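Chemist: Structure file entry-v9.txt (compact mmCIF, N, CA and C atoms) right here:
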```
# COMPACT_ATOMS: atom_id res chain seq x y z
N MET T 1 70.87 134.60 -81.75
CA MET T 1 70.42 134.59 -80.37
C MET T 1 71.66 134.48 -79.48
N GLU T 2 71.87 135.46 -78.60
CA GLU T 2 73.00 135.46 -77.69
C GLU T 2 72.72 134.46 -76.59
N ALA T 3 73.75 133.72 -76.20
CA ALA T 3 73.55 132.67 -75.21
C ALA T 3 73.89 133.12 -73.80
N THR T 4 75.05 133.69 -73.62
CA THR T 4 75.48 134.01 -72.26
C THR T 4 76.17 135.36 -72.22
N ASP T 5 76.25 135.89 -71.02
CA ASP T 5 76.95 137.13 -70.76
C ASP T 5 77.94 136.84 -69.64
N LEU T 6 79.24 136.93 -69.93
CA LEU T 6 80.26 136.53 -68.98
C LEU T 6 80.34 137.46 -67.77
N ALA T 7 79.79 138.66 -67.85
CA ALA T 7 79.81 139.59 -66.72
C ALA T 7 78.79 139.19 -65.64
N GLU T 8 77.88 138.32 -65.96
CA GLU T 8 76.83 137.89 -65.04
C GLU T 8 77.33 136.72 -64.19
N PRO T 9 76.86 136.63 -62.93
CA PRO T 9 77.22 135.47 -62.11
C PRO T 9 76.51 134.20 -62.58
N HIS T 10 75.40 134.36 -63.30
CA HIS T 10 74.66 133.23 -63.85
C HIS T 10 74.60 133.40 -65.36
N PRO T 11 74.54 132.29 -66.09
CA PRO T 11 74.39 132.42 -67.55
C PRO T 11 73.12 133.19 -67.90
N VAL T 12 73.18 133.92 -69.01
CA VAL T 12 72.05 134.72 -69.46
C VAL T 12 71.57 134.19 -70.81
N LEU T 13 70.30 133.91 -70.89
CA LEU T 13 69.66 133.50 -72.14
C LEU T 13 68.89 134.71 -72.65
N VAL T 14 69.29 135.22 -73.80
CA VAL T 14 68.67 136.43 -74.35
C VAL T 14 67.58 136.02 -75.35
N VAL T 15 66.39 136.51 -75.12
CA VAL T 15 65.25 136.20 -75.99
C VAL T 15 65.24 137.18 -77.17
N PRO T 16 65.14 136.65 -78.40
CA PRO T 16 65.18 137.52 -79.58
C PRO T 16 63.85 138.23 -79.83
N ASP T 17 63.94 139.28 -80.63
CA ASP T 17 62.74 139.96 -81.09
C ASP T 17 62.86 140.10 -82.60
N PRO T 18 61.88 139.73 -83.36
CA PRO T 18 60.59 139.23 -82.90
C PRO T 18 60.69 137.77 -82.44
N LEU T 19 59.87 137.43 -81.49
CA LEU T 19 59.79 136.07 -80.99
C LEU T 19 58.64 135.38 -81.69
N VAL T 20 58.92 134.24 -82.30
CA VAL T 20 57.87 133.45 -82.95
C VAL T 20 57.79 132.10 -82.25
N LEU T 21 56.68 131.43 -82.41
CA LEU T 21 56.46 130.15 -81.73
C LEU T 21 57.56 129.15 -82.02
N ALA T 22 58.12 129.16 -83.21
CA ALA T 22 59.20 128.22 -83.55
C ALA T 22 60.46 128.47 -82.75
N ASP T 23 60.62 129.65 -82.15
CA ASP T 23 61.79 129.95 -81.31
C ASP T 23 61.72 129.28 -79.95
N VAL T 24 60.53 128.99 -79.48
CA VAL T 24 60.35 128.49 -78.11
C VAL T 24 61.09 127.16 -77.88
N PRO T 25 60.94 126.15 -78.73
CA PRO T 25 61.69 124.91 -78.51
C PRO T 25 63.21 125.13 -78.57
N LEU T 26 63.65 126.04 -79.42
CA LEU T 26 65.08 126.33 -79.51
C LEU T 26 65.59 126.97 -78.23
N LEU T 27 64.81 127.87 -77.65
CA LEU T 27 65.20 128.48 -76.38
C LEU T 27 65.23 127.43 -75.26
N CYS T 28 64.26 126.53 -75.26
CA CYS T 28 64.24 125.46 -74.26
C CYS T 28 65.46 124.55 -74.41
N GLU T 29 65.81 124.26 -75.65
CA GLU T 29 66.99 123.44 -75.93
C GLU T 29 68.26 124.11 -75.42
N ARG T 30 68.37 125.41 -75.68
CA ARG T 30 69.54 126.17 -75.22
C ARG T 30 69.59 126.20 -73.70
N LEU T 31 68.42 126.35 -73.06
CA LEU T 31 68.36 126.34 -71.61
C LEU T 31 68.83 124.99 -71.06
N CYS T 32 68.39 123.91 -71.66
CA CYS T 32 68.84 122.57 -71.26
C CYS T 32 70.35 122.44 -71.39
N GLY T 33 70.90 123.01 -72.46
CA GLY T 33 72.34 122.97 -72.66
C GLY T 33 73.09 123.71 -71.56
N LEU T 34 72.54 124.82 -71.11
CA LEU T 34 73.18 125.57 -70.02
C LEU T 34 73.14 124.77 -68.72
N TYR T 35 72.03 124.10 -68.45
CA TYR T 35 71.95 123.25 -67.26
C TYR T 35 72.89 122.06 -67.40
N GLY T 36 72.97 121.50 -68.60
CA GLY T 36 73.88 120.39 -68.85
C GLY T 36 75.34 120.79 -68.68
N GLY T 37 75.63 122.06 -68.88
CA GLY T 37 76.98 122.58 -68.70
C GLY T 37 77.30 122.93 -67.25
N GLY T 38 76.37 122.67 -66.35
CA GLY T 38 76.64 122.89 -64.93
C GLY T 38 75.90 124.04 -64.28
N ALA T 39 75.19 124.84 -65.05
CA ALA T 39 74.44 125.95 -64.46
C ALA T 39 73.30 125.42 -63.61
N ARG T 40 73.03 126.06 -62.51
CA ARG T 40 71.88 125.70 -61.67
C ARG T 40 70.80 126.77 -61.77
N GLU T 41 71.22 127.98 -62.14
CA GLU T 41 70.28 129.08 -62.32
C GLU T 41 70.66 129.83 -63.58
N VAL T 42 69.66 130.19 -64.36
CA VAL T 42 69.86 130.92 -65.61
C VAL T 42 68.96 132.16 -65.58
N VAL T 43 69.50 133.26 -66.05
CA VAL T 43 68.73 134.50 -66.17
C VAL T 43 68.25 134.61 -67.61
N CYS T 44 66.97 134.84 -67.79
CA CYS T 44 66.38 135.01 -69.12
C CYS T 44 66.11 136.49 -69.33
N ASP T 45 66.84 137.09 -70.26
CA ASP T 45 66.71 138.52 -70.51
C ASP T 45 65.64 138.77 -71.57
N LEU T 46 64.59 139.48 -71.18
CA LEU T 46 63.45 139.74 -72.05
C LEU T 46 63.44 141.16 -72.60
N ALA T 47 64.53 141.89 -72.44
CA ALA T 47 64.58 143.31 -72.81
C ALA T 47 64.29 143.55 -74.28
N ALA T 48 64.67 142.65 -75.15
CA ALA T 48 64.50 142.86 -76.59
C ALA T 48 63.05 142.72 -77.05
N LEU T 49 62.22 142.04 -76.26
CA LEU T 49 60.84 141.82 -76.67
C LEU T 49 60.07 143.13 -76.75
N THR T 50 59.47 143.38 -77.89
CA THR T 50 58.71 144.62 -78.07
C THR T 50 57.20 144.38 -78.00
N ARG T 51 56.79 143.10 -78.10
CA ARG T 51 55.35 142.76 -78.05
C ARG T 51 55.07 141.80 -76.92
N ALA T 52 54.04 142.10 -76.17
CA ALA T 52 53.55 141.17 -75.15
C ALA T 52 52.40 140.42 -75.78
N ASP T 53 52.61 139.12 -76.05
CA ASP T 53 51.57 138.32 -76.68
C ASP T 53 51.59 136.91 -76.12
N LEU T 54 50.73 136.06 -76.64
CA LEU T 54 50.64 134.69 -76.13
C LEU T 54 51.87 133.86 -76.44
N VAL T 55 52.63 134.21 -77.46
CA VAL T 55 53.88 133.51 -77.74
C VAL T 55 54.86 133.76 -76.60
N ALA T 56 54.93 135.00 -76.12
CA ALA T 56 55.81 135.32 -75.00
C ALA T 56 55.37 134.59 -73.73
N VAL T 57 54.08 134.49 -73.51
CA VAL T 57 53.56 133.76 -72.35
C VAL T 57 53.92 132.28 -72.47
N GLU T 58 53.75 131.71 -73.65
CA GLU T 58 54.11 130.30 -73.90
C GLU T 58 55.60 130.09 -73.64
N MET T 59 56.42 131.02 -74.09
CA MET T 59 57.87 130.91 -73.90
C MET T 59 58.22 130.89 -72.41
N VAL T 60 57.65 131.81 -71.64
CA VAL T 60 57.94 131.85 -70.20
C VAL T 60 57.50 130.56 -69.53
N ALA T 61 56.30 130.09 -69.85
CA ALA T 61 55.79 128.85 -69.25
C ALA T 61 56.67 127.66 -69.61
N ARG T 62 57.06 127.56 -70.87
CA ARG T 62 57.89 126.43 -71.30
C ARG T 62 59.29 126.48 -70.73
N LEU T 63 59.86 127.68 -70.62
CA LEU T 63 61.20 127.80 -70.01
C LEU T 63 61.16 127.42 -68.54
N ARG T 64 60.12 127.83 -67.85
CA ARG T 64 59.99 127.46 -66.43
C ARG T 64 59.82 125.95 -66.27
N LEU T 65 59.03 125.34 -67.13
CA LEU T 65 58.85 123.90 -67.08
C LEU T 65 60.15 123.17 -67.39
N THR T 66 60.87 123.65 -68.39
CA THR T 66 62.17 123.06 -68.74
C THR T 66 63.13 123.16 -67.57
N ALA T 67 63.16 124.31 -66.92
CA ALA T 67 64.05 124.50 -65.76
C ALA T 67 63.69 123.53 -64.64
N ARG T 68 62.40 123.43 -64.36
CA ARG T 68 61.95 122.54 -63.29
C ARG T 68 62.34 121.09 -63.59
N ARG T 69 62.14 120.67 -64.82
CA ARG T 69 62.48 119.29 -65.20
C ARG T 69 63.98 119.03 -65.11
N ALA T 70 64.78 120.06 -65.34
CA ALA T 70 66.24 119.92 -65.28
C ALA T 70 66.78 120.08 -63.87
N GLY T 71 65.89 120.41 -62.93
CA GLY T 71 66.32 120.61 -61.55
C GLY T 71 66.99 121.96 -61.33
N GLY T 72 66.75 122.90 -62.25
CA GLY T 72 67.36 124.22 -62.15
C GLY T 72 66.32 125.29 -61.91
N ARG T 73 66.78 126.53 -62.04
CA ARG T 73 65.89 127.68 -61.84
C ARG T 73 66.14 128.66 -62.98
N VAL T 74 65.08 129.30 -63.43
CA VAL T 74 65.20 130.35 -64.45
C VAL T 74 64.53 131.60 -63.91
N ARG T 75 65.25 132.72 -64.01
CA ARG T 75 64.71 134.01 -63.56
C ARG T 75 64.53 134.90 -64.78
N MET T 76 63.40 135.57 -64.85
CA MET T 76 63.11 136.49 -65.94
C MET T 76 63.53 137.90 -65.52
N ARG T 77 64.13 138.64 -66.45
CA ARG T 77 64.48 140.02 -66.14
C ARG T 77 64.20 140.92 -67.35
N ASN T 78 64.02 142.18 -67.07
CA ASN T 78 63.80 143.21 -68.09
C ASN T 78 62.52 143.00 -68.90
N ALA T 79 61.51 142.46 -68.27
CA ALA T 79 60.22 142.31 -68.97
C ALA T 79 59.51 143.65 -69.00
N GLY T 80 58.89 143.95 -70.13
CA GLY T 80 58.11 145.18 -70.25
C GLY T 80 56.82 145.08 -69.44
N ALA T 81 56.24 146.25 -69.20
CA ALA T 81 55.02 146.31 -68.37
C ALA T 81 53.88 145.50 -68.98
N GLY T 82 53.76 145.50 -70.29
CA GLY T 82 52.70 144.72 -70.93
C GLY T 82 52.86 143.24 -70.72
N LEU T 83 54.09 142.74 -70.82
CA LEU T 83 54.34 141.32 -70.60
C LEU T 83 54.13 140.95 -69.13
N VAL T 84 54.57 141.80 -68.23
CA VAL T 84 54.35 141.55 -66.80
C VAL T 84 52.85 141.43 -66.52
N ALA T 85 52.05 142.35 -67.07
CA ALA T 85 50.61 142.31 -66.86
C ALA T 85 49.99 141.05 -67.45
N LEU T 86 50.43 140.67 -68.64
CA LEU T 86 49.90 139.46 -69.28
C LEU T 86 50.28 138.20 -68.50
N LEU T 87 51.49 138.14 -68.00
CA LEU T 87 51.92 136.99 -67.20
C LEU T 87 51.14 136.92 -65.89
N GLU T 88 50.87 138.07 -65.28
CA GLU T 88 50.05 138.09 -64.06
C GLU T 88 48.65 137.58 -64.36
N LEU T 89 48.09 138.03 -65.47
CA LEU T 89 46.76 137.61 -65.88
C LEU T 89 46.69 136.10 -66.12
N ALA T 90 47.78 135.53 -66.64
CA ALA T 90 47.84 134.11 -66.92
C ALA T 90 48.21 133.29 -65.67
N GLY T 91 48.48 133.97 -64.57
CA GLY T 91 48.82 133.28 -63.33
C GLY T 91 50.27 132.86 -63.26
N LEU T 92 51.12 133.41 -64.11
CA LEU T 92 52.52 133.03 -64.13
C LEU T 92 53.43 134.00 -63.38
N GLY T 93 53.01 135.23 -63.19
CA GLY T 93 53.87 136.20 -62.53
C GLY T 93 55.19 136.35 -63.26
N ILE T 94 56.04 137.21 -62.81
CA ILE T 94 57.31 137.41 -63.49
C ILE T 94 58.43 136.61 -62.85
N ASP T 95 58.35 136.32 -61.58
CA ASP T 95 59.44 135.54 -60.98
C ASP T 95 59.00 134.71 -59.83
```
Please re-express this file's structure in structure tokens.
Modeler:
Amino acid sequence: MEATDLAEPHPVLVVPDPLVLADVPLLCERLCGLYGGGAREVVCDLAALTRADLVAVEMVARLRLTARRAGGRVRMRNAGAGLVALLELAGLGID
């Protein structure tokens, strides 16, 4: 799992594919580490995800909650149309 991209103004958290439920706490932990390192905003790159499912919805919800608890912000980018629709349906939206 790639952690950051130095070309970005904000750290980038890259979500792996396939994404399984066991990955979600690890992604949250990595996000906390980025905030602990001084980041105030993190970009979560969803480009690798090939399936829009409830695990992806859980991941987005948990990352947003982790960011809020850390006093930071997380932005999602490169989400596929299926995931965007599922997040809208769940009331989470994409950003």
Chemist: Check chain T with DSSP on the backbone and list each residue it calls strand (DSSP E or B), as a list in words.
Modeler: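 Result set for chain T (strand (DSSP E or B)): Val12, Leu13, Val14, Glu41, Val42, Val43, Cys44, Asp45, Arg73, Val74, Arg75, Met76 and Arg77 of chain T.
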Chemist: Which residue gives the smallest distance to Ala67 in chain T among T:Asp45, T:Glu29, T:Glu88, T:Asp53, with only C-alpha atoms counted?
Modeler: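 Closest to Ala67 in chain T, using only C-alpha atoms: T:Glu29.
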Chemist: Grab the CA of Val43 in chain T to CA of Val12 in chain T distance for me, in Å with one decimal place.
Modeler: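 CA of Val12 in chain T lies at a distance of 4.7 Å from CA of Val43 in chain T.
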Chemist: Check the smallest atom-to-atom distance from each of T:Arg77, T:Ala85, T:Ala90, T:Pro25 to Arg62 in chain T using only C-alpha atoms, then report the winner.
Modeler: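 Nearest candidate to Arg62 in chain T out of T:Arg77, T:Ala85, T:Ala90, T:Pro25: T:Pro25.
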Chemist: Could you check how far CA of Leu83 in chain T sits from atom N of Val15 in chain T, in Å to one decimal?
Modeler: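 According to the coordinates, CA of Leu83 in chain T and atom N of Val15 in chain T are separated by 13.7 Å.
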Chemist: To one decimal place, how far is CA of Leu54 in chain T from CA of Ala39 in chain T in Å?
Modeler: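 These two atoms are separated by 27.9 Å.
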Chemist: As a ChimeraX atom specification, please: the residues near Val24 in chain T (cut-off 10 Å, only C-alpha atoms, same-chain neighbours under 6 positions excluded).
Modeler: /T:15,30,55-56,58-63
Chemist: Run DSSP on the backbone and tell me which residues of chain T come out as alpha helix (DSSP H); list them as a tab-separated table (two decimals) with N, CA and C atoms, in the frame of the given file.
Modeler:
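File out-v9.tsv, as written:
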```tsv
chain	number	residue	atom	x	y	z
T	23	ASP	N	60.62	129.65	-82.15
T	23	ASP	CA	61.79	129.95	-81.31
T	23	ASP	C	61.72	129.28	-79.95
T	24	VAL	N	60.53	128.99	-79.48
T	24	VAL	CA	60.35	128.49	-78.11
T	24	VAL	C	61.09	127.16	-77.88
T	25	PRO	N	60.94	126.15	-78.73
T	25	PRO	CA	61.69	124.91	-78.51
T	25	PRO	C	63.21	125.13	-78.57
T	26	LEU	N	63.65	126.04	-79.42
T	26	LEU	CA	65.08	126.33	-79.51
T	26	LEU	C	65.59	126.97	-78.23
T	27	LEU	N	64.81	127.87	-77.65
T	27	LEU	CA	65.20	128.48	-76.38
T	27	LEU	C	65.23	127.43	-75.26
T	28	CYS	N	64.26	126.53	-75.26
T	28	CYS	CA	64.24	125.46	-74.26
T	28	CYS	C	65.46	124.55	-74.41
T	29	GLU	N	65.81	124.26	-75.65
T	29	GLU	CA	66.99	123.44	-75.93
T	29	GLU	C	68.26	124.11	-75.42
T	30	ARG	N	68.37	125.41	-75.68
T	30	ARG	CA	69.54	126.17	-75.22
T	30	ARG	C	69.59	126.20	-73.70
T	31	LEU	N	68.42	126.35	-73.06
T	31	LEU	CA	68.36	126.34	-71.61
T	31	LEU	C	68.83	124.99	-71.06
T	32	CYS	N	68.39	123.91	-71.66
T	32	CYS	CA	68.84	122.57	-71.26
T	32	CYS	C	70.35	122.44	-71.39
T	33	GLY	N	70.90	123.01	-72.46
T	33	GLY	CA	72.34	122.97	-72.66
T	33	GLY	C	73.09	123.71	-71.56
T	34	LEU	N	72.54	124.82	-71.11
T	34	LEU	CA	73.18	125.57	-70.02
T	34	LEU	C	73.14	124.77	-68.72
T	35	TYR	N	72.03	124.10	-68.45
T	35	TYR	CA	71.95	123.25	-67.26
T	35	TYR	C	72.89	122.06	-67.40
T	36	GLY	N	72.97	121.50	-68.60
T	36	GLY	CA	73.88	120.39	-68.85
T	36	GLY	C	75.34	120.79	-68.68
T	54	LEU	N	50.73	136.06	-76.64
T	54	LEU	CA	50.64	134.69	-76.13
T	54	LEU	C	51.87	133.86	-76.44
T	55	VAL	N	52.63	134.21	-77.46
T	55	VAL	CA	53.88	133.51	-77.74
T	55	VAL	C	54.86	133.76	-76.60
T	56	ALA	N	54.93	135.00	-76.12
T	56	ALA	CA	55.81	135.32	-75.00
T	56	ALA	C	55.37	134.59	-73.73
T	57	VAL	N	54.08	134.49	-73.51
T	57	VAL	CA	53.56	133.76	-72.35
T	57	VAL	C	53.92	132.28	-72.47
T	58	GLU	N	53.75	131.71	-73.65
T	58	GLU	CA	54.11	130.30	-73.90
T	58	GLU	C	55.60	130.09	-73.64
T	59	MET	N	56.42	131.02	-74.09
T	59	MET	CA	57.87	130.91	-73.90
T	59	MET	C	58.22	130.89	-72.41
T	60	VAL	N	57.65	131.81	-71.64
T	60	VAL	CA	57.94	131.85	-70.20
T	60	VAL	C	57.50	130.56	-69.53
T	61	ALA	N	56.30	130.09	-69.85
T	61	ALA	CA	55.79	128.85	-69.25
T	61	ALA	C	56.67	127.66	-69.61
T	62	ARG	N	57.06	127.56	-70.87
T	62	ARG	CA	57.89	126.43	-71.30
T	62	ARG	C	59.29	126.48	-70.73
T	63	LEU	N	59.86	127.68	-70.62
T	63	LEU	CA	61.20	127.80	-70.01
T	63	LEU	C	61.16	127.42	-68.54
T	64	ARG	N	60.12	127.83	-67.85
T	64	ARG	CA	59.99	127.46	-66.43
T	64	ARG	C	59.82	125.95	-66.27
T	65	LEU	N	59.03	125.34	-67.13
T	65	LEU	CA	58.85	123.90	-67.08
T	65	LEU	C	60.15	123.17	-67.39
T	66	THR	N	60.87	123.65	-68.39
T	66	THR	CA	62.17	123.06	-68.74
T	66	THR	C	63.13	123.16	-67.57
T	67	ALA	N	63.16	124.31	-66.92
T	67	ALA	CA	64.05	124.50	-65.76
T	67	ALA	C	63.69	123.53	-64.64
T	68	ARG	N	62.40	123.43	-64.36
T	68	ARG	CA	61.95	122.54	-63.29
T	68	ARG	C	62.34	121.09	-63.59
T	69	ARG	N	62.14	120.67	-64.82
T	69	ARG	CA	62.48	119.29	-65.20
T	69	ARG	C	63.98	119.03	-65.11
T	70	ALA	N	64.78	120.06	-65.34
T	70	ALA	CA	66.24	119.92	-65.28
T	70	ALA	C	66.78	120.08	-63.87
T	81	ALA	N	56.24	146.25	-69.20
T	81	ALA	CA	55.02	146.31	-68.37
T	81	ALA	C	53.88	145.50	-68.98
T	82	GLY	N	53.76	145.50	-70.29
T	82	GLY	CA	52.70	144.72	-70.93
T	82	GLY	C	52.86	143.24	-70.72
T	83	LEU	N	54.09	142.74	-70.82
T	83	LEU	CA	54.34	141.32	-70.60
T	83	LEU	C	54.13	140.95	-69.13
T	84	VAL	N	54.57	141.80	-68.23
T	84	VAL	CA	54.35	141.55	-66.80
T	84	VAL	C	52.85	141.43	-66.52
T	85	ALA	N	52.05	142.35	-67.07
T	85	ALA	CA	50.61	142.31	-66.86
T	85	ALA	C	49.99	141.05	-67.45
T	86	LEU	N	50.43	140.67	-68.64
T	86	LEU	CA	49.90	139.46	-69.28
T	86	LEU	C	50.28	138.20	-68.50
T	87	LEU	N	51.49	138.14	-68.00
T	87	LEU	CA	51.92	136.99	-67.20
T	87	LEU	C	51.14	136.92	-65.89
T	88	GLU	N	50.87	138.07	-65.28
T	88	GLU	CA	50.05	138.09	-64.06
T	88	GLU	C	48.65	137.58	-64.36
T	89	LEU	N	48.09	138.03	-65.47
T	89	LEU	CA	46.76	137.61	-65.88
T	89	LEU	C	46.69	136.10	-66.12
```
Chemist: Of the residues T:Leu19, T:Leu65, T:Leu49, T:Ala70, which is the one nearest to Cys32 in chain T, using only C-alpha atoms?
Modeler: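 Going through T:Leu19, T:Leu65, T:Leu49, T:Ala70 one by one, the smallest distance to Cys32 in chain T is for T:Ala70.
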Chemist: Using only N, CA and C atoms, which residue out of T:Val57, T:Leu21, T:Leu27, T:Val74 lies closest to Cys44 in chain T?
Modeler: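 Checking each candidate against Cys44 in chain T, we get T:Val74 as the closest.
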Chemist: List the spatial neighbours of Val14 in chain T as a tab-separated table (two decimals) with N, CA and C atoms, keeping the file's coordinate frame - criterion: any atom at most 12 Å away, only C-alpha atoms, same-chain residues fewer than 3 positions off excluded.
Modeler:
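Generated file (out-v5.tsv):
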```
chain	number	residue	atom	x	y	z
T	1	MET	N	70.87	134.60	-81.75
T	1	MET	CA	70.42	134.59	-80.37
T	1	MET	C	71.66	134.48	-79.48
T	2	GLU	N	71.87	135.46	-78.60
T	2	GLU	CA	73.00	135.46	-77.69
T	2	GLU	C	72.72	134.46	-76.59
T	3	ALA	N	73.75	133.72	-76.20
T	3	ALA	CA	73.55	132.67	-75.21
T	3	ALA	C	73.89	133.12	-73.80
T	4	THR	N	75.05	133.69	-73.62
T	4	THR	CA	75.48	134.01	-72.26
T	4	THR	C	76.17	135.36	-72.22
T	5	ASP	N	76.25	135.89	-71.02
T	5	ASP	CA	76.95	137.13	-70.76
T	5	ASP	C	77.94	136.84	-69.64
T	11	PRO	N	74.54	132.29	-66.09
T	11	PRO	CA	74.39	132.42	-67.55
T	11	PRO	C	73.12	133.19	-67.90
T	17	ASP	N	63.94	139.28	-80.63
T	17	ASP	CA	62.74	139.96	-81.09
T	17	ASP	C	62.86	140.10	-82.60
T	19	LEU	N	59.87	137.43	-81.49
T	19	LEU	CA	59.79	136.07	-80.99
T	19	LEU	C	58.64	135.38	-81.69
T	23	ASP	N	60.62	129.65	-82.15
T	23	ASP	CA	61.79	129.95	-81.31
T	23	ASP	C	61.72	129.28	-79.95
T	26	LEU	N	63.65	126.04	-79.42
T	26	LEU	CA	65.08	126.33	-79.51
T	26	LEU	C	65.59	126.97	-78.23
T	27	LEU	N	64.81	127.87	-77.65
T	27	LEU	CA	65.20	128.48	-76.38
T	27	LEU	C	65.23	127.43	-75.26
T	28	CYS	N	64.26	126.53	-75.26
T	28	CYS	CA	64.24	125.46	-74.26
T	28	CYS	C	65.46	124.55	-74.41
T	30	ARG	N	68.37	125.41	-75.68
T	30	ARG	CA	69.54	126.17	-75.22
T	30	ARG	C	69.59	126.20	-73.70
T	31	LEU	N	68.42	126.35	-73.06
T	31	LEU	CA	68.36	126.34	-71.61
T	31	LEU	C	68.83	124.99	-71.06
T	42	VAL	N	69.66	130.19	-64.36
T	42	VAL	CA	69.86	130.92	-65.61
T	42	VAL	C	68.96	132.16	-65.58
T	43	VAL	N	69.50	133.26	-66.05
T	43	VAL	CA	68.73	134.50	-66.17
T	43	VAL	C	68.25	134.61	-67.61
T	44	CYS	N	66.97	134.84	-67.79
T	44	CYS	CA	66.38	135.01	-69.12
T	44	CYS	C	66.11	136.49	-69.33
T	45	ASP	N	66.84	137.09	-70.26
T	45	ASP	CA	66.71	138.52	-70.51
T	45	ASP	C	65.64	138.77	-71.57
T	46	LEU	N	64.59	139.48	-71.18
T	46	LEU	CA	63.45	139.74	-72.05
T	46	LEU	C	63.44	141.16	-72.60
T	47	ALA	N	64.53	141.89	-72.44
T	47	ALA	CA	64.58	143.31	-72.81
T	47	ALA	C	64.29	143.55	-74.28
T	48	ALA	N	64.67	142.65	-75.15
T	48	ALA	CA	64.50	142.86	-76.59
T	48	ALA	C	63.05	142.72	-77.05
T	49	LEU	N	62.22	142.04	-76.26
T	49	LEU	CA	60.84	141.82	-76.67
T	49	LEU	C	60.07	143.13	-76.75
T	75	ARG	N	65.25	132.72	-64.01
T	75	ARG	CA	64.71	134.01	-63.56
T	75	ARG	C	64.53	134.90	-64.78
T	76	MET	N	63.40	135.57	-64.85
T	76	MET	CA	63.11	136.49	-65.94
T	76	MET	C	63.53	137.90	-65.52
T	77	ARG	N	64.13	138.64	-66.45
T	77	ARG	CA	64.48	140.02	-66.14
T	77	ARG	C	64.20	140.92	-67.35
T	78	ASN	N	64.02	142.18	-67.07
T	78	ASN	CA	63.80	143.21	-68.09
T	78	ASN	C	62.52	143.00	-68.90
T	79	ALA	N	61.51	142.46	-68.27
T	79	ALA	CA	60.22	142.31	-68.97
T	79	ALA	C	59.51	143.65	-69.00
```
Chemist: Check the smallest atom-to-atom distance from each of T:Glu41, T:Gly93, T:His10, T:Ala52 to Gly72 in chain T using only N, CA and C atoms, then report the winner.
Modeler: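 Of the candidates, the smallest distance to Gly72 in chain T is held by T:Glu41.
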Chemist: Can you sort out range 76-87 of chain T so it carries N, CA, C and O atoms, written as an mmCIF file, in the coordinates of the input?
Modeler:
```cif
data_model
loop_
_atom_site.group_PDB
_atom_site.id
_atom_site.type_symbol
_atom_site.label_atom_id
_atom_site.label_comp_id
_atom_site.auth_asym_id
_atom_site.auth_seq_id
_atom_site.Cartn_x
_atom_site.Cartn_y
_atom_site.Cartn_z
ATOM 1 N N MET T 76 63.400 135.570 -64.850
ATOM 2 C CA MET T 76 63.110 136.490 -65.940
ATOM 3 C C MET T 76 63.530 137.900 -65.520
ATOM 4 O O MET T 76 63.310 138.285 -64.374
ATOM 5 N N ARG T 77 64.130 138.640 -66.450
ATOM 6 C CA ARG T 77 64.480 140.020 -66.140
ATOM 7 C C ARG T 77 64.200 140.920 -67.350
ATOM 8 O O ARG T 77 64.159 140.440 -68.475
ATOM 9 N N ASN T 78 64.020 142.180 -67.070
ATOM 10 C CA ASN T 78 63.800 143.210 -68.090
ATOM 11 C C ASN T 78 62.520 143.000 -68.900
ATOM 12 O O ASN T 78 62.482 143.334 -70.087
ATOM 13 N N ALA T 79 61.510 142.460 -68.270
ATOM 14 C CA ALA T 79 60.220 142.310 -68.970
ATOM 15 C C ALA T 79 59.510 143.650 -69.000
ATOM 16 O O ALA T 79 59.509 144.386 -68.014
ATOM 17 N N GLY T 80 58.890 143.950 -70.130
ATOM 18 C CA GLY T 80 58.110 145.180 -70.250
ATOM 19 C C GLY T 80 56.820 145.080 -69.440
ATOM 20 O O GLY T 80 56.374 143.998 -69.070
ATOM 21 N N ALA T 81 56.240 146.250 -69.200
ATOM 22 C CA ALA T 81 55.020 146.310 -68.370
ATOM 23 C C ALA T 81 53.880 145.500 -68.980
ATOM 24 O O ALA T 81 53.120 144.846 -68.243
ATOM 25 N N GLY T 82 53.760 145.500 -70.290
ATOM 26 C CA GLY T 82 52.700 144.720 -70.930
ATOM 27 C C GLY T 82 52.860 143.240 -70.720
ATOM 28 O O GLY T 82 51.885 142.523 -70.446
ATOM 29 N N LEU T 83 54.090 142.740 -70.820
ATOM 30 C CA LEU T 83 54.340 141.320 -70.600
ATOM 31 C C LEU T 83 54.130 140.950 -69.130
ATOM 32 O O LEU T 83 53.541 139.916 -68.834
ATOM 33 N N VAL T 84 54.570 141.800 -68.230
ATOM 34 C CA VAL T 84 54.350 141.550 -66.800
ATOM 35 C C VAL T 84 52.850 141.430 -66.520
ATOM 36 O O VAL T 84 52.408 140.506 -65.838
ATOM 37 N N ALA T 85 52.050 142.350 -67.070
ATOM 38 C CA ALA T 85 50.610 142.310 -66.860
ATOM 39 C C ALA T 85 49.990 141.050 -67.450
ATOM 40 O O ALA T 85 49.129 140.420 -66.819
ATOM 41 N N LEU T 86 50.430 140.670 -68.640
ATOM 42 C CA LEU T 86 49.900 139.460 -69.280
ATOM 43 C C LEU T 86 50.280 138.200 -68.500
ATOM 44 O O LEU T 86 49.449 137.303 -68.332
ATOM 45 N N LEU T 87 51.490 138.140 -68.000
ATOM 46 C CA LEU T 87 51.920 136.990 -67.200
ATOM 47 C C LEU T 87 51.140 136.920 -65.890
ATOM 48 O O LEU T 87 50.758 135.826 -65.456
#
```
